[in-house]
Amino acid sequence: MLKQVAEGVLIHQSEFCQSNAVVVHGRAGVLLIDAGVLGDEMAAVADDLRELGQPVVAGFSTHPHWDHLLWHPSLGAAPRYGTARCAATVRDRLPDARAKARVAEMMIPPDIVEQVPLDLLGLITGLPAEMAQIPWDGPQVRIIEHQAHAPGHAALLIEERGVLLAGDMLSDVLIPMLDLNDTADPIEDYLAALRLLEGAAGDVDVLVPGHGSIGGADQVRARIAQDRAYVHALRDAHVLSDPRVGPSAKDGWDWVAGVHAGQLQRLAQRSERDGTPG
Ligand SMILES: [Zn+2]
């Protein structure tokens with residue numbers, strides 16, 4: 001069930017969108033990052049941890065999208081964190097039960113909605129912006145915050161284990177999905193975030209994306225280059241050649257082409273609205 005990817009770092013990959021929940025062993029229990037999506041999967045992770053005698057002592061959500069904000073009662077009542085901006089975005093977007101019902105109706109695929117427990121959705125505490133690490137009793141987990149995929153999105157670097165958790169970036173199956181909501185320059189934000197990750201990831205041996213396959217050291221640079229090429233193609237309206245879009249997409253990921261088309265369309269609308277050349 002849980003699979004070790006580095007010393008003291010384990011993952012559980014969901015059937016839904018290859019979502020990776022990450023467990024980090026600490027001194028008195030584990031840190032659980034992006035806990036999972038399907039209720040029975042999260043309950044199984046909780047069972048595994050109970051068998052190992054490892055309570056969850058802290059949680060973390062990499063960003064304010066529903067599939068990264070879930071929790072299951074059997075995981076216990078540890079504090080769950082996100083960046084300050086992530087938590088503020090959750091408060092804005094999920095002010096009440098009606099908003100939660102809208103998430104269920106409009107964002108969660110109908111075929112799994114019954115299996116996604118929403119009671120504990122988004123109950124996270126924002127960490128002060130100057131806090132550079134997750135506060136917990138275990139290996140240092142550095143927070144690398146950037147604006148690219150979502151407000152307050154955080155990648156996490158566990159330096160002493162050589163692990164980078166990339167959130168919804170650096171995936172082998174998902175293209176860069178830009179935050180086109182309230183951002184002035186989504187393309188430059190994304191490129192800046194890739195530079196930030198490039199600067200931080202020099203000694204990384206294991207790359208864990210929020211969705212997709214685990215990568216080795218060579219994959220860090222390769223996926224940064226691939227994401228950068230995608231964003232450049234969007235910016236410069238180049239013909240796209242990206243293995244994640246089109247017939248080369250992995251099985252079950254053909255919908256990514258639709259995401260790409262949607263991004264092209266929204267960027268074109270923005271440049272029309274702003275009067276800037278496409
Ligand atoms: Zn996301």
# chains A, B, ... in the order shown; residues from 1 in each chain; ligands from 1

$ residues_near_ligand --ligand "ligand 1" --cutoff "9 Å" --atoms "only C-alpha atoms and all ligand atoms" --output "PyMOL selection string"
chain A and resi 62-68+149-150+153+167-169+177+210

$ residues_around --residues "Ile11 of chain A" --least-positions-apart "4" --cutoff "10 Å" --atoms "only C-alpha atoms" --output "list in words"
Met1, Leu2, Lys3, Gln4, Val5, Ala6, Ser19, Asn20, Ala21, Val22, Val23, Val24, Leu32, Ile33, Ala35, Val45, Val208 and Ile214 of chain A

$ write_last_selection --atoms "N, CA and C atoms" --output "tab-separated table (two decimals), in the first residue's frame"
chain	number	residue	atom	x	y	z
A	1	MET	N	0.84	-1.21	0.00
A	1	MET	CA	0.00	0.00	0.00
A	1	MET	C	0.87	1.26	0.00
A	2	LEU	N	1.56	1.50	1.13
A	2	LEU	CA	2.53	2.61	1.15
A	2	LEU	C	3.84	2.12	0.54
A	3	LYS	N	4.41	2.96	-0.31
A	3	LYS	CA	5.64	2.55	-1.00
A	3	LYS	C	6.75	3.52	-0.64
A	4	GLN	N	7.89	2.96	-0.21
A	4	GLN	CA	9.00	3.85	0.17
A	4	GLN	C	9.69	4.41	-1.08
A	5	VAL	N	9.92	5.73	-1.10
A	5	VAL	CA	10.62	6.33	-2.24
A	5	VAL	C	11.99	6.88	-1.84
A	6	ALA	N	12.18	7.06	-0.53
A	6	ALA	CA	13.48	7.48	0.00
A	6	ALA	C	13.44	7.10	1.48
A	19	SER	N	-2.82	10.62	-7.99
A	19	SER	CA	-2.52	11.61	-6.95
A	19	SER	C	-1.62	10.97	-5.90
A	20	ASN	N	-0.54	11.65	-5.57
A	20	ASN	CA	0.41	11.10	-4.61
A	20	ASN	C	0.26	11.73	-3.23
A	21	ALA	N	-0.13	10.91	-2.26
A	21	ALA	CA	-0.08	11.33	-0.85
A	21	ALA	C	1.30	10.94	-0.33
A	22	VAL	N	1.88	11.81	0.49
A	22	VAL	CA	3.25	11.57	0.94
A	22	VAL	C	3.31	11.51	2.46
A	23	VAL	N	3.98	10.48	2.95
A	23	VAL	CA	4.18	10.28	4.39
A	23	VAL	C	5.66	10.48	4.70
A	24	VAL	N	5.97	11.32	5.68
A	24	VAL	CA	7.36	11.53	6.10
A	24	VAL	C	7.47	11.11	7.56
A	32	LEU	N	1.86	14.10	7.00
A	32	LEU	CA	1.12	13.61	5.84
A	32	LEU	C	0.80	14.78	4.92
A	33	ILE	N	1.31	14.69	3.70
A	33	ILE	CA	1.16	15.80	2.75
A	33	ILE	C	0.18	15.41	1.65
A	35	ALA	N	-3.23	14.47	1.67
A	35	ALA	CA	-3.59	13.17	2.26
A	35	ALA	C	-4.19	12.15	1.31
A	45	VAL	N	-4.61	4.14	4.30
A	45	VAL	CA	-3.34	4.75	4.73
A	45	VAL	C	-3.34	4.87	6.26
A	208	VAL	N	8.73	13.90	-6.43
A	208	VAL	CA	7.36	13.41	-6.28
A	208	VAL	C	6.40	14.50	-6.74
A	214	ILE	N	6.82	9.03	-10.00
A	214	ILE	CA	7.99	9.48	-9.25
A	214	ILE	C	9.17	9.53	-10.21

$ closest_residue --among "A:Arg223, A:Arg142, A:His25, A:His72" --to "Gly53 of chain A" --atoms "only C-alpha atoms"
A:His25

$ residues_around --residues "Ala201 of chain A" --least-positions-apart "4" --cutoff "9 Å" --atoms "only C-alpha atoms" --output "mmCIF file with N, CA, C and O atoms, in the first residue's frame"
data_model
loop_
_atom_site.group_PDB
_atom_site.id
_atom_site.type_symbol
_atom_site.label_atom_id
_atom_site.label_comp_id
_atom_site.auth_asym_id
_atom_site.auth_seq_id
_atom_site.Cartn_x
_atom_site.Cartn_y
_atom_site.Cartn_z
ATOM 1 N N LEU A 157 10.799 20.791 0.026
ATOM 2 C CA LEU A 157 12.117 20.174 -0.160
ATOM 3 C C LEU A 157 12.556 19.536 1.162
ATOM 4 O O LEU A 157 12.651 20.213 2.184
ATOM 5 N N GLY A 162 16.913 14.145 0.226
ATOM 6 C CA GLY A 162 17.061 14.342 -1.220
ATOM 7 C C GLY A 162 15.756 14.261 -1.979
ATOM 8 O O GLY A 162 15.700 13.798 -3.124
ATOM 9 N N VAL A 163 14.665 14.736 -1.349
ATOM 10 C CA VAL A 163 13.338 14.590 -1.957
ATOM 11 C C VAL A 163 12.716 15.959 -2.224
ATOM 12 O O VAL A 163 12.727 16.824 -1.350
ATOM 13 N N LEU A 164 12.185 16.128 -3.423
ATOM 14 C CA LEU A 164 11.402 17.326 -3.745
ATOM 15 C C LEU A 164 9.965 16.912 -4.021
ATOM 16 O O LEU A 164 9.701 16.073 -4.879
ATOM 17 N N LEU A 196 12.723 29.078 -9.663
ATOM 18 C CA LEU A 196 12.861 28.866 -8.211
ATOM 19 C C LEU A 196 13.107 27.383 -7.907
ATOM 20 O O LEU A 196 13.996 27.024 -7.128
ATOM 21 N N LEU A 197 12.330 26.519 -8.533
ATOM 22 C CA LEU A 197 12.506 25.080 -8.308
ATOM 23 C C LEU A 197 13.862 24.614 -8.827
ATOM 24 O O LEU A 197 14.547 23.805 -8.201
ATOM 25 N N ASP A 205 17.331 13.722 -5.380
ATOM 26 C CA ASP A 205 17.409 12.384 -6.002
ATOM 27 C C ASP A 205 16.037 11.850 -6.362
ATOM 28 O O ASP A 205 15.913 10.951 -7.194
ATOM 29 N N VAL A 220 14.383 15.589 -12.617
ATOM 30 C CA VAL A 220 14.130 16.938 -12.105
ATOM 31 C C VAL A 220 14.387 17.946 -13.221
ATOM 32 O O VAL A 220 13.511 18.732 -13.586
ATOM 33 N N ARG A 221 15.590 17.882 -13.802
ATOM 34 C CA ARG A 221 15.916 18.852 -14.866
ATOM 35 C C ARG A 221 15.067 18.612 -16.110
ATOM 36 O O ARG A 221 14.623 19.556 -16.759
#

$ closest_residue --among "A:Asp92, A:Tyr81, A:Ala97, A:Met106" --to "Met131 of chain A" --atoms "only C-alpha atoms"
A:Tyr81

$ residues_around --residues "Val256 of chain A" --least-positions-apart "2" --cutoff "10 Å" --atoms "only C-alpha atoms" --output "PyMOL selection string"
chain A and resi 173-175+177+244-246+249-250+252-254+258-262

$ atom_distance --atom1 "atom CA of Ile224 of chain A" --atom2 "atom CA of Val9 of chain A"
22.4 Å

$ atom_distance --atom1 "atom CA of Glu188 of chain A" --atom2 "atom CA of Phe60 of chain A"
26.5 Å

$ residues_around --residues "Ala129 of chain A" --least-positions-apart "4" --cutoff "9 Å" --atoms "only C-alpha atoms" --output "PyMOL selection string"
chain A and resi 83-85

$ write_last_selection --atoms "C-alpha atoms" --output "CSV table (one decimal), in the first residue's frame"
chain,number,residue,atom,x,y,z
A,83,THR,CA,0.9,28.6,3.3
A,84,ALA,CA,-0.9,31.7,4.6
A,85,ARG,CA,-2.0,32.5,1.1

$ atom_distance --atom1 "atom CA of Ala28 of chain A" --atom2 "atom CA of Trp136 of chain A"
9.6 Å

$ closest_residue --among "A:Leu123, A:Ala166, A:Val206, A:Ile144" --to "Thr89 of chain A" --atoms "only C-alpha atoms"
A:Leu123
